[in-house]
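Text of upload_21.cif (mmCIF, C-alpha atoms and all ligand atoms) as supplied:
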data_query
#
loop_
_atom_site.label_atom_id
_atom_site.label_comp_id
_atom_site.auth_asym_id
_atom_site.auth_seq_id
_atom_site.Cartn_x
_atom_site.Cartn_y
_atom_site.Cartn_z
CA MET A 1 0.00 0.00 0.00
CA SER A 2 1.42 3.41 -0.91
CA THR A 3 1.55 6.33 1.51
CA THR A 4 0.53 8.84 -1.15
CA LEU A 5 -2.87 8.91 -2.81
CA SER A 6 -2.91 7.48 -6.30
CA HIS A 7 -4.86 9.61 -8.74
CA ASP A 8 -4.67 7.88 -12.05
CA GLU A 9 -8.38 7.96 -12.76
CA ALA A 10 -8.17 10.65 -15.44
CA ASP A 11 -5.43 8.76 -17.35
CA HIS A 12 -7.23 5.50 -16.96
CA ASP A 13 -10.48 7.12 -18.04
CA ALA A 14 -8.92 8.39 -21.27
CA ARG A 15 -7.59 4.90 -21.98
CA ARG A 16 -11.04 3.43 -21.25
CA ALA A 17 -12.62 5.86 -23.71
CA ARG A 18 -10.14 4.95 -26.47
CA GLN A 19 -10.72 1.24 -25.92
CA TRP A 20 -14.45 1.79 -25.86
CA LEU A 21 -14.35 3.62 -29.20
CA ALA A 22 -12.30 0.71 -30.55
CA GLY A 23 -15.06 -1.64 -29.43
CA GLN A 24 -13.01 -3.17 -26.63
CA ALA A 25 -15.00 -2.00 -23.62
CA ARG A 26 -18.32 -2.81 -22.04
CA GLY A 27 -20.85 -1.03 -19.91
CA GLY A 28 -21.56 -3.71 -17.34
CA ALA A 29 -25.34 -3.77 -16.96
CA VAL A 30 -25.56 -0.77 -19.30
CA SER A 31 -25.81 -2.00 -22.88
CA ARG A 32 -23.36 -0.82 -25.49
CA ALA A 33 -26.22 0.81 -27.39
CA GLU A 34 -27.19 2.73 -24.28
CA LEU A 35 -23.61 3.83 -23.75
CA ILE A 36 -23.32 5.08 -27.31
CA GLU A 37 -26.56 6.95 -26.84
CA LEU A 38 -25.32 8.31 -23.52
CA ALA A 39 -22.08 9.50 -25.06
CA ALA A 40 -23.84 11.20 -27.95
CA ALA A 41 -26.17 12.96 -25.56
CA MET A 42 -23.61 13.58 -22.82
CA SER A 43 -23.53 17.37 -22.95
CA ALA A 44 -27.29 17.70 -23.25
CA LEU A 45 -27.84 15.19 -20.49
CA ALA A 46 -25.37 16.94 -18.28
CA ALA A 47 -27.42 20.11 -18.35
CA ALA A 48 -30.56 18.26 -17.40
CA ALA A 49 -29.12 15.53 -15.21
CA ASP A 50 -28.96 15.87 -11.48
CA ASP A 51 -27.98 13.53 -8.71
CA ARG A 52 -30.85 14.29 -6.42
CA GLY A 53 -32.85 11.66 -4.65
CA PRO A 54 -34.80 9.14 -6.64
CA VAL A 55 -38.11 10.04 -8.20
CA ALA A 56 -39.85 7.54 -5.95
CA LEU A 57 -38.75 9.35 -2.80
CA ALA A 58 -39.08 12.90 -4.04
CA ALA A 59 -42.60 13.24 -2.67
CA ASP A 60 -41.60 12.25 0.87
CA PRO A 61 -42.04 15.10 3.33
CA VAL A 62 -38.74 16.84 4.10
CA GLY A 63 -37.34 15.85 7.50
CA VAL A 64 -39.34 12.62 7.76
CA ASP A 65 -37.21 10.66 5.37
CA PRO A 66 -37.64 6.94 5.92
CA GLY A 67 -34.58 6.22 3.79
CA ILE A 68 -32.06 6.71 6.62
CA VAL A 69 -32.03 4.37 9.62
CA LYS A 70 -30.07 6.35 12.21
CA PRO A 71 -31.70 9.23 14.13
CA LEU A 72 -31.17 12.64 12.58
CA PRO A 73 -31.03 15.02 15.58
CA ALA A 74 -31.23 18.60 14.32
CA GLU A 75 -28.10 19.60 16.26
CA LEU A 76 -25.99 17.01 14.42
CA LEU A 77 -27.44 16.54 10.94
CA THR A 78 -29.60 18.39 8.42
CA PRO A 79 -31.77 16.29 6.07
CA VAL A 80 -31.24 17.08 2.38
CA GLU A 81 -33.81 15.02 0.44
CA SER A 82 -32.83 11.33 0.88
CA ASN A 83 -29.53 12.37 2.49
CA ALA A 84 -28.25 14.00 5.68
CA GLU A 85 -25.61 16.69 5.94
CA MET A 86 -23.31 17.02 8.96
CA ARG A 87 -23.60 20.29 10.87
CA TRP A 88 -20.12 21.74 11.19
CA GLU A 89 -20.74 23.13 14.67
CA ALA A 90 -21.25 19.51 15.79
CA MET A 91 -17.52 18.95 15.21
CA ALA A 92 -16.35 21.66 17.62
CA GLY A 93 -14.51 20.01 20.51
CA GLN A 94 -14.58 16.60 18.83
CA GLY A 95 -11.52 14.52 18.08
CA TYR A 96 -10.03 13.84 14.68
CA MET A 97 -12.73 11.41 13.51
CA VAL A 98 -16.34 12.24 12.82
CA PRO A 99 -18.41 10.15 15.25
CA ASN A 100 -20.80 7.74 13.53
CA ASP A 101 -23.87 9.53 14.90
CA ARG A 102 -23.08 12.69 12.90
CA PHE A 103 -21.31 11.28 9.83
CA PHE A 104 -23.10 12.53 6.70
CA VAL A 105 -25.26 10.08 4.71
CA ARG A 106 -25.51 10.13 0.93
CA ASN A 107 -28.10 7.66 -0.35
CA HIS A 108 -29.22 7.53 -3.95
CA THR A 109 -32.32 5.64 -2.77
CA HIS A 110 -32.53 4.31 0.76
CA THR A 111 -30.59 2.27 3.28
CA PRO A 112 -31.21 -1.46 2.72
CA ARG A 113 -31.40 -3.74 5.79
CA LEU A 114 -29.00 -6.60 5.05
CA ASP A 115 -28.25 -9.72 7.07
CA ALA A 116 -24.53 -10.38 7.58
CA ASP A 117 -25.17 -14.14 7.82
CA THR A 118 -26.67 -14.41 4.35
CA TRP A 119 -24.71 -11.56 2.74
CA ARG A 120 -22.14 -12.55 0.11
CA LEU A 121 -19.50 -10.68 -1.83
CA ARG A 122 -19.82 -12.10 -5.35
CA LEU A 123 -16.86 -11.70 -7.66
CA PHE A 124 -17.13 -12.58 -11.32
CA GLY A 125 -15.70 -11.74 -14.74
CA ASP A 126 -12.90 -12.63 -17.13
CA GLY A 127 -10.36 -10.85 -14.91
CA LEU A 128 -10.53 -13.87 -12.58
CA ARG A 129 -9.14 -17.34 -13.29
CA GLY A 130 -11.79 -19.60 -14.84
CA THR A 131 -14.03 -16.59 -15.70
CA PRO A 132 -16.68 -17.10 -13.00
CA THR A 133 -20.06 -15.71 -14.05
CA ARG A 134 -22.50 -13.40 -12.26
CA ASP A 135 -24.67 -16.46 -11.59
CA ALA A 136 -21.79 -18.67 -10.47
CA PRO A 137 -19.38 -16.21 -8.82
CA VAL A 138 -16.49 -16.62 -6.39
CA GLU A 139 -18.13 -15.92 -3.04
CA PHE A 140 -16.93 -14.55 0.31
CA GLY A 141 -19.18 -14.46 3.36
CA TYR A 142 -18.91 -11.93 6.19
CA ALA A 143 -17.01 -14.40 8.39
CA ASP A 144 -14.64 -15.21 5.48
CA LEU A 145 -13.68 -11.54 5.19
CA ARG A 146 -13.29 -11.15 8.95
CA ALA A 147 -10.94 -14.16 8.97
CA LEU A 148 -8.54 -12.47 6.50
CA PRO A 149 -5.72 -10.18 7.77
CA ALA A 150 -7.29 -6.79 8.59
CA VAL A 151 -6.08 -3.27 7.99
CA GLU A 152 -7.30 -0.13 9.76
CA LEU A 153 -6.87 3.35 8.30
CA PRO A 154 -8.31 6.84 8.62
CA ALA A 155 -9.89 7.94 5.35
CA LEU A 156 -11.95 10.87 4.19
CA VAL A 157 -15.21 10.30 2.32
CA GLU A 158 -16.64 13.35 0.56
CA CYS A 159 -19.45 13.82 -1.91
CA ALA A 160 -18.13 15.37 -5.15
CA GLY A 161 -21.02 17.83 -4.91
CA ASN A 162 -20.11 19.00 -1.40
CA GLY A 163 -20.34 22.81 -1.37
CA ARG A 164 -22.66 22.94 -4.40
CA HIS A 165 -25.00 25.36 -2.60
CA PHE A 166 -22.30 28.04 -2.82
CA PHE A 167 -22.35 28.11 -6.64
CA ALA A 168 -25.72 29.85 -6.14
CA ALA A 169 -25.18 31.51 -2.76
CA GLN A 170 -21.77 33.04 -3.48
CA GLN A 171 -21.31 33.07 -7.23
CA ASP A 172 -24.79 33.60 -8.65
CA THR A 173 -24.42 30.52 -10.87
CA PRO A 174 -26.95 28.04 -9.42
CA VAL A 175 -26.67 24.38 -10.32
CA SER A 176 -29.30 21.70 -9.83
CA GLY A 177 -28.52 18.72 -7.64
CA LEU A 178 -28.25 18.27 -3.90
CA GLN A 179 -27.67 21.65 -2.30
CA TRP A 180 -24.92 20.61 0.13
CA ARG A 181 -23.30 23.36 2.12
CA LEU A 182 -19.98 21.95 3.41
CA GLY A 183 -21.26 19.03 5.51
CA GLY A 184 -21.06 16.30 2.84
CA VAL A 185 -17.67 15.16 4.16
CA GLY A 186 -16.24 13.14 7.04
CA VAL A 187 -13.17 11.25 8.22
CA ALA A 188 -13.54 7.89 9.96
CA ARG A 189 -11.27 5.04 10.99
CA TRP A 190 -12.18 2.18 8.68
CA ARG A 191 -11.23 -1.43 9.38
CA GLY A 192 -11.48 -4.21 6.86
CA VAL A 193 -9.64 -6.31 4.32
CA PRO A 194 -7.59 -4.80 1.50
CA LEU A 195 -9.46 -5.31 -1.75
CA ALA A 196 -6.13 -6.55 -3.15
CA THR A 197 -6.15 -9.50 -0.71
CA VAL A 198 -9.66 -10.52 -1.75
CA LEU A 199 -8.94 -10.12 -5.47
CA ARG A 200 -5.86 -12.32 -5.16
CA HIS A 201 -7.78 -14.97 -3.22
CA ALA A 202 -10.45 -14.85 -5.92
CA GLY A 203 -7.89 -15.62 -8.66
CA LEU A 204 -7.07 -12.22 -10.17
CA THR A 205 -5.43 -12.54 -13.58
CA ALA A 206 -2.50 -10.44 -14.79
CA ASP A 207 -4.56 -8.83 -17.57
CA ALA A 208 -7.45 -7.51 -15.41
CA VAL A 209 -7.91 -3.76 -15.93
CA ASP A 210 -11.12 -2.74 -14.11
CA VAL A 211 -13.08 -3.72 -10.99
CA MET A 212 -16.73 -2.64 -10.65
CA PRO A 213 -18.26 -2.91 -7.16
CA GLU A 214 -22.07 -2.75 -7.15
CA GLY A 215 -24.34 -1.80 -4.24
CA LEU A 216 -27.27 -3.87 -2.97
CA ASP A 217 -29.50 -0.80 -2.43
CA PRO A 218 -32.48 -0.38 -4.78
CA PRO A 219 -31.87 0.71 -8.40
CA TYR A 220 -31.59 4.47 -8.87
CA VAL A 221 -34.29 6.09 -10.97
CA THR A 222 -33.79 9.69 -12.06
CA GLY A 223 -35.77 11.70 -14.60
CA GLY A 224 -37.82 8.58 -15.30
CA VAL A 225 -34.73 6.58 -16.29
CA ASP A 226 -33.70 3.52 -14.30
CA LEU A 227 -29.90 3.62 -14.07
CA GLY A 228 -29.72 0.33 -12.20
CA ARG A 229 -27.79 -0.27 -9.02
CA VAL A 230 -25.10 2.14 -7.89
CA ARG A 231 -21.79 0.99 -9.39
CA ARG A 232 -18.63 2.66 -10.63
CA PRO A 233 -15.49 1.09 -12.08
CA LEU A 234 -12.11 1.36 -10.40
CA PRO A 235 -8.88 0.89 -12.36
CA ILE A 236 -7.01 -2.17 -11.15
CA GLY A 237 -4.01 -0.03 -10.10
CA LYS A 238 -6.09 1.80 -7.52
CA ALA A 239 -7.99 -1.35 -6.53
CA LEU A 240 -4.69 -3.05 -5.67
CA ASP A 241 -3.22 0.01 -3.95
CA ASP A 242 -5.10 1.23 -0.88
CA VAL A 243 -8.77 0.29 -1.36
CA LEU A 244 -10.46 -1.40 1.58
CA LEU A 245 -13.48 -3.66 1.96
CA ALA A 246 -14.51 -2.15 5.29
CA TYR A 247 -16.69 -3.79 7.92
CA GLU A 248 -15.96 -1.43 10.84
CA MET A 249 -16.25 2.34 11.21
CA ASN A 250 -14.62 4.05 14.19
CA GLY A 251 -14.34 0.75 16.07
CA ALA A 252 -17.99 -0.29 15.63
CA PRO A 253 -19.56 -2.63 13.06
CA LEU A 254 -20.40 -0.58 9.98
CA PRO A 255 -23.71 1.21 10.69
CA ALA A 256 -26.59 0.35 8.33
CA ASP A 257 -26.54 3.79 6.68
CA HIS A 258 -22.82 3.60 5.99
CA GLY A 259 -22.84 0.27 4.19
CA PHE A 260 -23.46 -2.63 6.60
CA PRO A 261 -22.24 -5.28 6.37
CA VAL A 262 -19.41 -4.30 3.99
CA ARG A 263 -18.55 -1.24 1.90
CA VAL A 264 -15.72 -0.17 -0.34
CA VAL A 265 -13.51 2.68 0.94
CA VAL A 266 -11.41 4.38 -1.76
CA PRO A 267 -9.04 6.85 -0.03
CA GLY A 268 -8.70 10.20 -1.80
CA TRP A 269 -11.30 9.54 -4.47
CA ILE A 270 -14.78 11.08 -4.71
CA GLY A 271 -17.38 9.55 -2.39
CA ILE A 272 -19.28 7.73 -5.15
CA SER A 273 -16.26 5.40 -5.57
CA SER A 274 -16.77 4.13 -2.02
CA VAL A 275 -19.71 1.86 -2.86
CA LYS A 276 -21.80 0.94 0.20
CA TRP A 277 -23.60 -2.40 0.76
CA VAL A 278 -21.30 -3.97 -1.85
CA GLY A 279 -22.53 -7.28 -3.30
CA PRO A 280 -21.60 -8.15 -6.90
CA MET A 281 -18.16 -7.13 -8.15
CA GLU A 282 -17.09 -7.57 -11.75
CA VAL A 283 -13.39 -7.95 -12.50
CA SER A 284 -12.71 -7.38 -16.17
CA THR A 285 -9.92 -7.51 -18.72
CA THR A 286 -11.73 -4.83 -20.73
CA PRO A 287 -12.64 -1.34 -19.45
CA LEU A 288 -16.02 -1.00 -17.79
CA PHE A 289 -18.56 1.83 -17.78
CA SER A 290 -21.59 2.77 -15.77
CA PRO A 291 -23.77 5.90 -15.61
CA TRP A 292 -21.67 6.89 -12.58
CA ASN A 293 -18.59 7.41 -14.75
CA THR A 294 -20.29 8.52 -17.97
CA ARG A 295 -23.24 10.84 -17.38
CA LEU A 296 -22.74 11.57 -13.68
CA TYR A 297 -19.57 12.55 -11.83
CA ARG A 298 -17.97 14.11 -14.88
CA MET A 299 -16.96 17.69 -15.48
CA PHE A 300 -19.23 19.24 -18.12
CA GLY A 301 -19.79 22.89 -19.00
CA PRO A 302 -18.20 26.01 -20.46
CA GLY A 303 -14.75 25.47 -18.94
CA HIS A 304 -14.85 21.79 -19.89
CA PRO A 305 -15.43 21.60 -23.64
CA GLY A 306 -16.89 18.28 -24.79
CA ASP A 307 -16.22 16.21 -21.75
CA GLY A 308 -13.77 17.48 -19.17
CA GLY A 309 -13.06 14.03 -17.77
CA PRO A 310 -14.08 12.38 -14.54
CA ALA A 311 -14.69 14.41 -11.39
CA ASP A 312 -11.92 12.51 -9.70
CA VAL A 313 -9.63 14.37 -7.29
CA GLN A 314 -11.48 16.22 -4.53
CA SER A 315 -10.83 19.95 -4.30
CA VAL A 316 -9.29 21.87 -1.38
CA LYS A 317 -11.85 23.11 1.16
CA SER A 318 -11.99 24.72 4.61
CA ALA A 319 -14.82 24.92 7.13
CA PHE A 320 -15.31 26.71 10.43
CA GLU A 321 -16.76 24.58 13.24
CA LEU A 322 -19.43 27.21 13.74
CA PRO A 323 -23.14 27.45 13.01
CA TRP A 324 -24.06 29.46 9.95
CA ASP A 325 -24.85 32.97 11.28
CA ALA A 326 -23.18 32.11 14.61
CA ARG A 327 -23.59 34.62 17.44
CA LEU A 328 -20.38 35.63 19.23
CA ALA A 329 -19.73 38.08 22.06
CA ALA A 330 -18.43 41.46 20.86
CA GLY A 331 -15.20 42.54 22.55
CA VAL A 332 -14.50 39.07 23.93
CA GLU A 333 -11.60 37.04 22.58
CA THR A 334 -12.64 33.62 21.36
CA THR A 335 -10.97 30.65 19.69
CA LEU A 336 -12.21 29.91 16.20
CA THR A 337 -11.64 26.30 15.09
CA GLY A 338 -12.02 24.58 11.78
CA ARG A 339 -10.74 21.90 9.42
CA SER A 340 -9.28 21.87 5.92
CA TRP A 341 -8.80 19.01 3.49
CA SER A 342 -7.82 18.18 -0.09
CA GLY A 343 -8.14 15.11 -2.28
CA ALA A 344 -4.61 15.54 -3.65
CA GLY A 345 -2.72 15.17 -0.39
CA PRO A 346 -2.33 16.54 3.13
CA ILE A 347 -2.84 20.21 3.97
CA ASP A 348 0.33 22.30 4.21
CA ARG A 349 -1.00 25.60 5.62
CA VAL A 350 -4.21 27.44 6.45
CA GLU A 351 -4.94 31.16 6.65
CA VAL A 352 -7.89 32.91 8.22
CA ASP A 353 -9.29 36.39 7.51
CA THR A 354 -11.61 37.91 10.12
CA GLY A 355 -11.75 41.29 8.40
CA ASP A 356 -8.20 42.62 8.60
CA GLY A 357 -6.41 40.46 6.05
CA TRP A 358 -5.06 36.90 5.92
CA HIS A 359 -3.19 35.49 8.93
CA PRO A 360 -1.76 31.99 9.42
CA ALA A 361 -3.91 29.69 11.52
CA THR A 362 -2.35 27.37 14.11
CA LEU A 363 -2.36 23.79 12.87
CA VAL A 364 -2.82 20.77 15.15
CA GLU A 365 0.61 19.14 14.72
CA ALA A 366 -0.69 15.62 15.36
CA ASP A 367 -2.88 15.88 12.23
CA ARG A 368 0.03 16.57 9.85
CA GLY A 369 -0.06 14.23 6.87
CA GLY A 370 -3.57 12.97 7.57
CA PRO A 371 -6.72 13.15 5.45
CA TRP A 372 -7.75 16.44 7.03
CA GLN A 373 -6.20 19.11 9.21
CA ARG A 374 -7.65 20.76 12.30
CA TRP A 375 -6.66 24.40 12.92
CA SER A 376 -7.51 27.31 15.19
CA THR A 377 -7.05 31.03 15.54
CA ARG A 378 -7.90 33.63 18.21
CA TRP A 379 -10.31 36.44 17.37
CA CYS A 380 -11.93 39.25 19.28
CA PRO A 381 -14.91 40.74 17.39
CA PRO A 382 -14.05 44.45 17.81
CA THR A 383 -17.63 45.75 17.76
CA ALA A 384 -21.17 44.43 17.67
CA GLY A 385 -22.49 43.78 14.17
CA ARG A 386 -22.17 41.46 11.20
CA TRP A 387 -18.78 39.98 10.37
CA THR A 388 -17.53 37.65 7.67
CA LEU A 389 -15.02 34.93 8.45
CA ARG A 390 -12.93 33.32 5.72
CA ALA A 391 -10.48 30.43 5.77
CA ARG A 392 -8.34 29.10 2.95
CA ALA A 393 -5.89 26.22 2.71
CA VAL A 394 -2.97 25.10 0.55
CA ASP A 395 -2.19 21.40 0.20
CA VAL A 396 1.26 19.84 -0.08
CA THR A 397 0.97 19.74 -3.89
CA GLY A 398 0.50 23.54 -3.92
CA ARG A 399 -3.22 23.49 -4.72
CA VAL A 400 -4.79 26.57 -3.19
CA GLN A 401 -8.39 27.65 -2.63
CA PRO A 402 -9.37 30.40 -5.08
CA ASP A 403 -11.80 33.21 -4.22
CA ARG A 404 -14.15 31.83 -6.84
CA ALA A 405 -14.71 28.19 -7.78
CA GLY A 406 -14.60 27.14 -11.44
CA PHE A 407 -18.11 26.50 -12.72
CA ASN A 408 -19.24 23.14 -14.07
CA ASP A 409 -22.76 22.09 -15.05
CA LEU A 410 -23.20 19.42 -12.38
CA GLY A 411 -21.72 21.56 -9.60
CA TYR A 412 -18.82 19.37 -8.51
CA HIS A 413 -15.66 20.35 -6.64
CA PHE A 414 -16.63 23.74 -5.23
CA ASP A 415 -13.35 25.03 -3.81
CA GLY A 416 -13.95 28.77 -3.50
CA VAL A 417 -13.27 30.46 -0.16
CA ILE A 418 -16.52 30.38 1.83
CA ARG A 419 -17.76 33.64 3.31
CA HIS A 420 -19.05 32.52 6.70
CA PRO A 421 -21.36 35.12 8.33
CA VAL A 422 -21.33 35.69 12.11
CA THR A 423 -23.01 38.27 14.30
CA ALA A 424 -21.22 39.83 17.29
CA VAL A 425 -23.58 40.95 20.03
N1 LIG B 501 -23.08 3.25 -2.45
C1 LIG B 501 -24.32 2.81 -2.72
N2 LIG B 501 -24.51 1.49 -2.85
N3 LIG B 501 -25.38 3.65 -2.85
C2 LIG B 501 -25.22 5.02 -2.72
O1 LIG B 501 -26.19 5.76 -2.81
N4 LIG B 501 -23.62 6.85 -2.39
C3 LIG B 501 -22.22 7.21 -2.68
C4 LIG B 501 -21.26 6.35 -1.88
N5 LIG B 501 -21.60 4.96 -1.98
C5 LIG B 501 -23.91 5.52 -2.48
C6 LIG B 501 -22.86 4.56 -2.30
C7 LIG B 501 -21.90 8.59 -2.44
S1 LIG B 501 -22.36 9.67 -3.67
C8 LIG B 501 -21.18 8.99 -1.35
S2 LIG B 501 -20.69 10.60 -1.17
C9 LIG B 501 -20.81 8.06 -0.28
O2 LIG B 501 -21.32 6.76 -0.52
C10 LIG B 501 -21.33 8.54 1.04
O3 LIG B 501 -21.02 7.65 2.06
P1 LIG B 501 -21.76 7.78 3.47
O4 LIG B 501 -23.24 7.79 3.22
O5 LIG B 501 -21.30 6.64 4.29
O6 LIG B 501 -21.32 9.10 4.06
#
Would you mind writing the file's structure down as structure tokens?
Amino acid sequence: MSTTLSHDEADHDARRARQWLAGQARGGAVSRAELIELAAAMSALAAAADDRGPVALAADPVGVDPGIVKPLPAELLTPVESNAEMRWEAMAGQGYMVPNDRFFVRNHTHTPRLDADTWRLRLFGDGLRGTPTRDAPVEFGYADLRALPAVELPALVECAGNGRHFFAAQQDTPVSGLQWRLGGVGVARWRGVPLATVLRHAGLTADAVDVMPEGLDPPYVTGGVDLGRVRRPLPIGKALDDVLLAYEMNGAPLPADHGFPVRVVVPGWIGISSVKWVGPMEVSTTPLFSPWNTRLYRMFGPGHPGDGGPADVQSVKSAFELPWDARLAAGVETTLTGRSWSGAGPIDRVEVDTGDGWHPATLVEADRGGPWQRWSTRWCPPTAGRWTLRARAVDVTGRVQPDRAGFNDLGYHFDGVIRHPVTAV
């Protein structure tokens, strides 16, 4: 396992596309005809497509969403259609990990209730010796996975659309889709078996190129089109590097909403790669496609002529651990805390502006090199009134948060500096 994040999705994606055009790739459960149609219509679809909750759940009353199993106390989580966003103030005074009770939930449909005793991971495809089929796969039960050597690692999971709300709120360029503020992100300690171990036990061949985990939640229907079960291919290089089949989250069995009994965790990659409730898994010697790497989770729009490639590496972001419109005491010094993160690597430095220019924030040394970075700064609101707080980070690769995020039609990777309003009283 490498210590740096591997980000070869864009290269691999370009290779996939070339092989597809040459007739050497398949779309898994999506037919080739559908894929050709999807490609032809990609730009048009992108404008209309959104990744909101399924049509079937859209009529459910807001806040009474039956799709999530865990309680959604208003002080920890905010429901967003079939999903729940973490409230940033709920992280103040917490440790490095996001506790399971407040970890955000992103469900395309709803949380399935699965039984660990009957659950099976089902691997199939010509990338395994003997080419097992979907109907006669190589199977692993829950106990089989638990019996294999385990690995535990902290990893960040973030929705590619995290921050989308600010395209409208800060930049006047609204985009459809889930209107996340900044709470579609979390870091947890995941324990499980390296996917590499399982693939090798299953008989991985030297010429396998793609692995496609598929969720056992209901098929996703959007705009009247049934896209099938959530699935997204991973290049074999990443699959063999640091990907985990996780069965524990922060020391507890994986909660139902986060993928019980087993989910994929893909460090550094957009949240959709970390398929929850994984069941079938195709291993292929030819590149694979699904709607989640063709019409969704791609960069479309003015700055991305044609098709700007997959929305792969998460952007750099910073959040204050404060309520939106927080009330602070005027003339009283207070400690402002927050966290910054980037998909490309650890955070190098963070600056905060409370109204008199940018100043370095103090970083928690113990977090150095980890998936996100806690920081703090002291501030005394000089007078009563409205103030705007800003934080910006630079990661170790030099990526910096701009004042304004680059627009794309589906509203991915908002990285602009957030203007966080507070009132001093
Ligand atoms: N896996 C399945 N099977 N179904 C889903 O809806 N959502 C994905 C991913 N895995 C999803 C899934 C998305 S978009 C994200 S951001 C993460 O799960 C969220 O993980 P969490 O709900 O545990 O926070």
| query | Which residues sit within 7 Å of ligand LIG 501 (chain B), counting all atoms listed in the file, listed as a list in words? | reply |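 The residues within 7 Å of ligand LIG 501 (chain B), counting all atoms listed in the file, are Phe103, Phe104, Val105, Arg106, Asn107, His108, Thr109, Val157, Glu158, Cys159, Ala160, Gly184, Glu214, Gly215, Leu216, Asp217, Val230, Asp257, His258, Gly259, Ile270, Gly271, Ile272, Ser273, Ser274, Val275, Lys276, Trp277 and Val278 of chain A.
Counting from CA of Arg229 (chain A), the distance to CA of Pro287 (chain A) is 18.4 Å.
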| said: Under the rule that only C-alpha atoms are counted, which of A:His359, A:Arg295, A:Arg263, A:Arg392 is the nearest residue to Arg339 (chain A)? | reply: A:Arg392
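For the choices A:Arg134, A:Ala329, A:Asp126, A:Leu410, the atom-to-atom distance to Ala206 (chain A) is smallest for A:Asp126 when using all atoms listed in the file.
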| field | Contacts of Glu321 (chain A) within 8 Å, only C-alpha atoms, excl. fewer than 2 positions in-chain, as a PyMOL selection string | value | chain A and resi 88-92+319+323+336-339
Let me see the file: selected residues, C-alpha atoms, as a PDB file, in the coordinates of the input.
ATOM      1  CA  TRP A  88     -20.120  21.740  11.190  1.00  0.00           C
ATOM      2  CA  GLU A  89     -20.740  23.130  14.670  1.00  0.00           C
ATOM      3  CA  ALA A  90     -21.250  19.510  15.790  1.00  0.00           C
ATOM      4  CA  MET A  91     -17.520  18.950  15.210  1.00  0.00           C
ATOM      5  CA  ALA A  92     -16.350  21.660  17.620  1.00  0.00           C
ATOM      6  CA  ALA A 319     -14.820  24.920   7.130  1.00  0.00           C
ATOM      7  CA  PRO A 323     -23.140  27.450  13.010  1.00  0.00           C
ATOM      8  CA  LEU A 336     -12.210  29.910  16.200  1.00  0.00           C
ATOM      9  CA  THR A 337     -11.640  26.300  15.090  1.00  0.00           C
ATOM     10  CA  GLY A 338     -12.020  24.580  11.780  1.00  0.00           C
ATOM     11  CA  ARG A 339     -10.740  21.900   9.420  1.00  0.00           C
TER      12      ARG A 339
END
| note | CA of Leu389 (chain A) to CA of Pro174 (chain A) measures 22.6 Å
Which neighbours of region 77-80 of chain A fall inside 8 Å, counting all atoms listed in the file, when residues of the same chain fewer than 3 positions from it are skipped, and could you give them as a short mmCIF file (atom, residue, chain, number, x, y, z; two decimals) with C-alpha atoms, in the frame of the given file?
data_model
loop_
_atom_site.label_atom_id
_atom_site.label_comp_id
_atom_site.auth_asym_id
_atom_site.auth_seq_id
_atom_site.Cartn_x
_atom_site.Cartn_y
_atom_site.Cartn_z
CA VAL A 62 -38.74 16.84 4.10
CA GLY A 63 -37.34 15.85 7.50
CA ASP A 65 -37.21 10.66 5.37
CA LEU A 72 -31.17 12.64 12.58
CA PRO A 73 -31.03 15.02 15.58
CA ALA A 74 -31.23 18.60 14.32
CA ASN A 83 -29.53 12.37 2.49
CA ALA A 84 -28.25 14.00 5.68
CA GLU A 85 -25.61 16.69 5.94
CA MET A 86 -23.31 17.02 8.96
CA ARG A 87 -23.60 20.29 10.87
CA ARG A 102 -23.08 12.69 12.90
CA PHE A 104 -23.10 12.53 6.70
CA LEU A 178 -28.25 18.27 -3.90
CA GLN A 179 -27.67 21.65 -2.30
CA TRP A 180 -24.92 20.61 0.13
#
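Excluding Gln401 (chain A) and any residue on its chain fewer than 6 positions from it, the residues at most 7 Å away by all atoms listed in the file are Val316, Lys317, Arg392, Ala393, Val394, Asp415, Gly416 and Val417 of chain A.
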